[in-house]
Amino acid sequence: AVAELKGVTLNGGALTIGAMTRYADIARDARLGGAFGALTDAASHVGDRQVRNRGTIGGSVCWNYVAACTPTAVLATGGRMNLVATSGATRSLAADDFLLGPLETARQDDELLLSVSWDAPAARTGSAYAKWG
């Protein structure tokens with residue numbers, strides 16, 4: 001019930017998705033076409049209806065399961081993980097630096113993922129995600 005960790009925000013083309021935003025909310029957000037189409041595609045193919053209505057983007061990238069759709073889409077679209085430590089210190093890591101290997105991330109034990117964000121894309125940029133298998 002922490003509102004600051006939920007929701008999709010577009011500001012000047014830049015995108016921020018709160019860590020506790022559910023897959024279902026990402027999948028049905030009509031504003032996320034074009035450069036961010038891979039995110040809606042991936043979110044709409046996660047698990048089944050129950051998982052899409054309870055699972056979150058933050059949980060997926062922090063778990064970094066090898067067969068998960070979301071970490072792959074975040075990596076491919078150039079996402080950044082925004083974290084805060086218990087000391088109050090914050091840091092932002094590119095997906096390539098955050099996602100270390102199967103079930104491994106650069107998140108420290110005392111850190112909480114706040115959001116995943118993307119810079120405004122170049123004009124006429126598009127992306128898509130197709131689940132295979």
# chains A, B, ... in the order shown; residues from 1 in each chain; ligands from 1
call {"tool": "select_by_dssp", "arguments": {"residues": "range 47-90 of chain A", "states": "strand (DSSP E or B)", "output": "PyMOL selection string"}}
result
chain A and resi 56+80-85+90
call {"tool": "residues_around", "arguments": {"residues": "Thr90 in chain A", "least_positions_apart": "4", "cutoff": "12 Å", "atoms": "only C-alpha atoms", "output": "number ranges by chain"}}
result
A: 81-86, 107-108, 110-115
call {"tool": "closest_residue", "arguments": {"among": "A:Leu103, A:Phe98, A:Val8, A:Arg22", "to": "Ala67 in chain A", "atoms": "only C-alpha atoms"}}
result
A:Leu103
call {"tool": "residues_around", "arguments": {"residues": "Asp41 in chain A", "least_positions_apart": "2", "cutoff": "10 Å", "atoms": "only C-alpha atoms", "output": "list in words"}}
result
Ile26, Ala27, Arg28, Leu32, Gly33, Phe36, Gly37, Ala38, Leu39, Ala43, Ser44, His45, Val46, Cys69, Thr70, Ala73, Ser127, Ala128, Tyr129, Ala130 and Lys131 of chain A
call {"tool": "closest_residue", "arguments": {"among": "A:Glu4, A:Asp25, A:Cys62, A:Gly79", "to": "Ala120 in chain A", "atoms": "only C-alpha atoms"}}
result
A:Gly79
call {"tool": "atom_distance", "arguments": {"atom1": "CA of Gly12 in chain A", "atom2": "CA of Ala30 in chain A"}}
result
16.3 Å
call {"tool": "select_by_dssp", "arguments": {"residues": "range 39-120 of chain A", "states": "helix (DSSP H, G or I)", "output": "ChimeraX atom specification"}}
result
/A:39-44,49-54,57-63,69-76,95-98
call {"tool": "atom_distance", "arguments": {"atom1": "CA of Trp118 in chain A", "atom2": "CA of Val74 in chain A"}}
result
9.0 Å
call {"tool": "atom_distance", "arguments": {"atom1": "CA of Leu5 in chain A", "atom2": "CA of Ala24 in chain A"}}
result
15.5 Å
call {"tool": "closest_residue", "arguments": {"among": "A:Thr125, A:Thr77, A:Ser117, A:Thr56", "to": "Tyr23 in chain A", "atoms": "only C-alpha atoms"}}
result
A:Thr56
call {"tool": "closest_residue", "arguments": {"among": "A:Val116, A:Ala122, A:Gly101, A:Ala106", "to": "Lys6 in chain A", "atoms": "only C-alpha atoms"}}
result
A:Val116
call {"tool": "residues_around", "arguments": {"residues": "Gly7 in chain A", "least_positions_apart": "6", "cutoff": "7 Å", "atoms": "only C-alpha atoms", "output": "list in words"}}
result
Ile17, Gly18 and Thr21 of chain A
